[in-house]
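The block underneath contains the structure these notes are about, expressed in structure tokens.
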Amino acid sequence: MASITELRDTLIVLQPPPDDPSGRAVFDRLDELRVLRNVLDHQIALHIALLDASGAAARAGSTTRSWLIEMGMPPTVAHRGVRIADSMASLPKLADCAADGYLSAECVDAVVRGIGFIDKRSVAGLSDDEREVFETELLTQAFSGATPAEIDTHARSIAVRVANEDPNAVAAADDASLNMVHARVTEEGRVGISADVTAVIGEKFLSMIDERSGPRPEPNGAEDRRGVGQRRADGLELLLDQAAIGAAMTSVGAPRTQVLVTISADGADPARLPWVGAVTASTARRLSCDGGVAEIVLDGEGVPLRMGTTKRLFPHHLRQAIVVRDVCCVKCGAPAAHTQVHHLVHWADGGPTDLDNGCLLCQRCHTQVHHHGWRVVMGPDRHPWLIPPADIDPRRLPRPAYNRRTMRLDDALV
């Protein structure tokens with residue numbers, strides 16, 4: 001068996017694959033290195049668990065995390081490694097998948113954090129059977145191609161589902177007494193702002209700041225040079241200016257921000273907000289009484305009730321329904337705020353302006369659909385499917401919308 005030093009030396013002198021114009025050899029090598037990295041990350045977690053169990057750091061008056069940082073690990077990586085190491089014994093399925101290199105450390109950590117959050121929100125803590133069920137559910141998400149952020153979102157949905165049903169209990173996401181906003185003037189004369197607020201306040205902020213922080217072309221037509229953080233800072237200034245201009249004593253208390261809450265018809269899944277995700281039933285009930293909130297009930301396939309109009313342009317209420325179904329640009333995943341509603345069958349050709357004849361496309365993808373051979377059709381599941389041009393896929397097999405990209409066509413047909 002080769003030693004770790006020998007493995008390291010082998011990688012140090014590893015030569016690139018032979019020239020291949022198709023790039024396939026490089027792609028395959030990258031995939032092998034990805035799996036190797038996953039295996040190494042799991043071995044690191046196992047050894048962190050062994051180091052922690054030895055008690056050596058505690059006897060030296062320190063912690064395992066501090067030792068890892070002193071060793072040279074970045075603090076975030078050390079914190080993640082300790083968290084994963086602490087959970088491996090109670091999540092055997094996750095450990096087995098990580099050992100084989102099937103999951104990245106980021107996805108493993110997302111499952112670990114998700115189980116921890118669900119356990120925290122459970123009435124009496126998770127039983128072994130419940131933990132196994134939720135471990136399998138989050139692993140299914142991970143293997144379907146979900147990102148760590150999407151695994152987090154799914155875990156929050158589960159946590160809301162199993163949360164304490166005591167009517168006197170207030171979930172942390174709804175507890176206004178925990179709200180905090182801090183502002184301080186720095187030594188450079190700048191202002192640092194931090195906040196910790198309820199899900200509803202956060203939803204309003206994220207929705208309003210996103211509308212005002214989209215990229216814009218430079219005066220010479222070049223792409224926006226500002227980063228996301230800079231665009232949001234500019235959006236915050238615009239938001240404050242608009243609030244100052246529009247503020248009046250007569251408007252105090254009037255709802256200003258449109259919030260969209262979706263509720264499943266059968267009540268099996270928790271209500272959701274577009275940015276924050278799953279919310280408690282009490283929050284959904286409170287929002288449904290707000291004049292600035294649009295409430296949409298979804299069927300079993302996650303499709304809003306049909307709405308129609310004789311107008312050429314999609315009205316606001318119908319666009320909201322399409323946003324609920326498509327979530328983002330159906331082709332590339334751009335946020336809904338950066339999209340347009342596209343008629344699958346053009347209005348001039350008799351296509352109706354209704355839910356089943358519209359989908360979300362950003363400007364770039366809209367152009368590709370109209371001018372570069374892409375087609376969008378409505379599937380039997382009442383969700384849009386994309387048909388690529390023949391030069392991309394000679395068979396022109398339908399692809400699901402971006403928010404359902406882990407699905408296959410036969411899943412929809414079933």
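If you're wondering about the labels, chains in the structure tokens are A, B, ... by order shown, residues count from 1 in each chain, ligands from 1 in order shown.
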
Skipping near chain neighbours, those fewer than 4 positions away, what residues fall within 6 Å of region 192-200 of chain A using only C-alpha atoms, listed as a tab-separated table (two decimals) with all heavy atoms, in the first residue's frame?
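result34.tsv was written with the following content:
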```
chain	number	residue	atom	x	y	z
A	173	ALA	N	-37.36	32.36	13.41
A	173	ALA	CA	-37.53	33.15	12.18
A	173	ALA	C	-38.68	34.14	12.28
A	173	ALA	O	-38.77	35.09	11.49
A	173	ALA	CB	-37.77	32.21	10.99
A	174	ASP	N	-39.58	33.93	13.26
A	174	ASP	CA	-40.74	34.81	13.41
A	174	ASP	C	-40.65	35.70	14.65
A	174	ASP	O	-41.53	36.52	14.89
A	174	ASP	CB	-42.02	33.97	13.53
A	174	ASP	CG	-42.21	33.03	12.36
A	174	ASP	OD1	-41.70	33.36	11.27
A	174	ASP	OD2	-42.83	31.97	12.53
A	179	ASN	N	-34.98	40.88	16.72
A	179	ASN	CA	-34.55	41.77	15.65
A	179	ASN	C	-33.49	42.75	16.12
A	179	ASN	O	-33.62	43.35	17.21
A	179	ASN	CB	-35.74	42.56	15.10
A	179	ASN	CG	-36.66	41.71	14.25
A	179	ASN	OD1	-36.33	40.57	13.95
A	179	ASN	ND2	-37.81	42.25	13.88
A	180	MET	N	-32.46	42.88	15.32
A	180	MET	CA	-31.38	43.82	15.64
A	180	MET	C	-30.86	44.44	14.35
A	180	MET	O	-30.68	43.75	13.35
A	180	MET	CB	-30.22	43.10	16.34
A	180	MET	CG	-30.53	42.57	17.73
A	180	MET	SD	-30.72	43.93	18.92
A	180	MET	CE	-31.15	42.98	20.40
A	181	VAL	N	-30.62	45.75	14.39
A	181	VAL	CA	-29.92	46.44	13.31
A	181	VAL	C	-28.85	47.30	13.96
A	181	VAL	O	-29.16	48.10	14.84
A	181	VAL	CB	-30.87	47.31	12.45
A	181	VAL	CG1	-30.06	48.10	11.43
A	181	VAL	CG2	-31.91	46.46	11.76
A	182	HIS	N	-27.60	47.10	13.57
A	182	HIS	CA	-26.49	47.85	14.14
A	182	HIS	C	-25.83	48.68	13.05
A	182	HIS	O	-25.67	48.24	11.92
A	182	HIS	CB	-25.46	46.90	14.75
A	182	HIS	CG	-25.99	46.05	15.87
A	182	HIS	ND1	-26.28	46.55	17.11
A	182	HIS	CD2	-26.31	44.74	15.91
A	182	HIS	CE1	-26.74	45.58	17.89
A	182	HIS	NE2	-26.78	44.46	17.18
A	183	ALA	N	-25.45	49.89	13.41
A	183	ALA	CA	-24.72	50.77	12.50
A	183	ALA	C	-23.62	51.46	13.29
A	183	ALA	O	-23.84	51.92	14.41
A	183	ALA	CB	-25.65	51.81	11.87
A	184	ARG	N	-22.43	51.50	12.72
A	184	ARG	CA	-21.31	52.15	13.40
A	184	ARG	C	-20.46	52.90	12.37
A	184	ARG	O	-20.34	52.48	11.21
A	184	ARG	CB	-20.45	51.12	14.14
A	184	ARG	CG	-19.78	50.11	13.23
A	184	ARG	CD	-18.98	49.08	14.02
A	184	ARG	NE	-18.33	48.13	13.11
A	184	ARG	CZ	-17.15	48.33	12.55
A	184	ARG	NH1	-16.49	49.47	12.79
A	184	ARG	NH2	-16.61	47.44	11.74
```

TODO: From a DSSP pass on the backbone, collect the residues of region 189-262 of chain A flagged as strand (DSSP E) and hand them back as an NGL selection string.
DONE: :A and (191-196 or 259-262)

Open item on the list: Report, in Å to a single decimal, how far apart CA of Met208 (chain A) and CA of His154 (chain A) are.
Closed with: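 We find that CA of His154 (chain A) and CA of Met208 (chain A) lie 24.0 Å from each other.
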
Open item on the list: With distances taken over only C-alpha atoms, which residue among A:Trp67, A:Phe27, A:Tyr102, A:Phe205 lies nearest Val39 (chain A)?
Closed with: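 The answer is A:Tyr102, which sits nearest to Val39 (chain A).
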
- [ ] Please identify all polymer residues within 12 Å of Glu150 (chain A), counting only C-alpha atoms, omitting same-chain residues fewer than 5 positions from it, and present them as JSON, numbers by chain.
- [x] {"A": [106, 107, 110, 111, 114, 138, 139, 140, 141, 142, 143, 144, 145, 155, 156, 157, 276, 277, 403]}

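The space between CA of Thr367 (chain A) and CA of Leu386 (chain A) spans 14.0 Å.
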
Open item on the list: Measuring between only C-alpha atoms, which one of A:Asp28, A:Asp96, A:Asp175, A:Asp9 shows the shortest distance to Thr283 (chain A)?
Closed with: A:Asp175

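With only C-alpha atoms taken into account, the protein and nucleic acid residues at most 8 Å from region 76-82 of chain A (excluding it and anything under 2 positions from it in its own chain) are Ile44, Ala45, Ile48, Ala49, Thr64, Arg65, Leu68, Ile69, Met73, Pro74, Ile84, Ala85, Asp86 and Asp109 of chain A.
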
TODO: Rank A:His338, A:Arg325, A:Arg232, A:His346 by their smallest atom-to-atom distance to His383 (chain A), using only C-alpha atoms, and report the top residue only.
DONE: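 So, comparing all the options, the nearest one is A:Arg325.
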
Task: Closest of A:Ser62, A:Ser104, A:Thr262, A:Gln15 to Thr147 (chain A) - atom-to-atom distances counting only C-alpha atoms - done: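 The shortest atom-to-atom distance to Thr147 (chain A) comes from A:Ser104.
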
Restrict the calculation to only C-alpha atoms, then for each residue of region 90-115 of chain A with any atom at most 10 Å from an atom of region 125-131 of chain A give the closest atom pair and their distance in Å to one decimal, rows by chain and rising residue number, as a tab-separated table.
```
residue	atom	partner	partner_atom	distance
A:Ser90	CA	A:Arg131	CA	8.5
A:Leu91	CA	A:Arg131	CA	8.1
A:Ile115	CA	A:Arg131	CA	7.3
```

Selected residues written out with C-alpha atoms, as a PDB file, in the first residue's frame:
```
ATOM      1  CA  SER A  90     -24.703   9.438  13.734  1.00  0.00           C
ATOM      2  CA  LEU A  91     -25.022   9.678   9.927  1.00  0.00           C
ATOM      3  CA  ILE A 115     -29.868  17.487  10.083  1.00  0.00           C
TER       4      ILE A 115
END
```

Task: 12 Å contact set for His372 (chain A), only C-alpha atoms, chain neighbours under 6 positions out, as a list of chain:residue names - done: A:Arg364, A:Cys365, A:His366, A:Ile387, A:Pro388, A:Pro389, A:Ala390, A:Asp391, A:Ile392

Let me see the file: selected residues, N, CA, C and O atoms, as a PDB file, in the first residue's frame.
```
ATOM      1  N   ARG A 364     -30.982  37.464 -22.650  1.00  0.00           N
ATOM      2  CA  ARG A 364     -30.065  36.681 -23.466  1.00  0.00           C
ATOM      3  C   ARG A 364     -30.739  35.403 -23.956  1.00  0.00           C
ATOM      4  O   ARG A 364     -30.665  35.060 -25.157  1.00  0.00           O
ATOM      5  N   CYS A 365     -31.406  34.678 -23.063  1.00  0.00           N
ATOM      6  CA  CYS A 365     -32.052  33.416 -23.448  1.00  0.00           C
ATOM      7  C   CYS A 365     -33.278  33.665 -24.323  1.00  0.00           C
ATOM      8  O   CYS A 365     -33.607  32.851 -25.193  1.00  0.00           O
ATOM      9  N   HIS A 366     -33.952  34.792 -24.111  1.00  0.00           N
ATOM     10  CA  HIS A 366     -35.096  35.151 -24.955  1.00  0.00           C
ATOM     11  C   HIS A 366     -34.627  35.288 -26.406  1.00  0.00           C
ATOM     12  O   HIS A 366     -35.295  34.825 -27.351  1.00  0.00           O
ATOM     13  N   ILE A 387     -36.325  22.548 -25.945  1.00  0.00           N
ATOM     14  CA  ILE A 387     -35.835  21.674 -27.011  1.00  0.00           C
ATOM     15  C   ILE A 387     -34.655  22.374 -27.675  1.00  0.00           C
ATOM     16  O   ILE A 387     -34.815  23.435 -28.280  1.00  0.00           O
ATOM     17  N   PRO A 388     -33.442  21.813 -27.541  1.00  0.00           N
ATOM     18  CA  PRO A 388     -32.252  22.479 -28.095  1.00  0.00           C
ATOM     19  C   PRO A 388     -32.207  22.356 -29.615  1.00  0.00           C
ATOM     20  O   PRO A 388     -32.833  21.464 -30.201  1.00  0.00           O
ATOM     21  N   PRO A 389     -31.459  23.226 -30.265  1.00  0.00           N
ATOM     22  CA  PRO A 389     -31.291  23.107 -31.722  1.00  0.00           C
ATOM     23  C   PRO A 389     -30.483  21.863 -32.067  1.00  0.00           C
ATOM     24  O   PRO A 389     -29.768  21.304 -31.229  1.00  0.00           O
ATOM     25  N   ALA A 390     -30.570  21.414 -33.313  1.00  0.00           N
ATOM     26  CA  ALA A 390     -29.927  20.168 -33.742  1.00  0.00           C
ATOM     27  C   ALA A 390     -28.411  20.227 -33.639  1.00  0.00           C
ATOM     28  O   ALA A 390     -27.762  19.194 -33.441  1.00  0.00           O
ATOM     29  N   ASP A 391     -27.810  21.418 -33.768  1.00  0.00           N
ATOM     30  CA  ASP A 391     -26.352  21.478 -33.679  1.00  0.00           C
ATOM     31  C   ASP A 391     -25.850  21.292 -32.256  1.00  0.00           C
ATOM     32  O   ASP A 391     -24.667  21.032 -32.034  1.00  0.00           O
ATOM     33  N   ILE A 392     -26.734  21.420 -31.259  1.00  0.00           N
ATOM     34  CA  ILE A 392     -26.371  21.154 -29.873  1.00  0.00           C
ATOM     35  C   ILE A 392     -26.750  19.728 -29.478  1.00  0.00           C
ATOM     36  O   ILE A 392     -25.989  19.039 -28.803  1.00  0.00           O
TER      37      ILE A 392
END
```
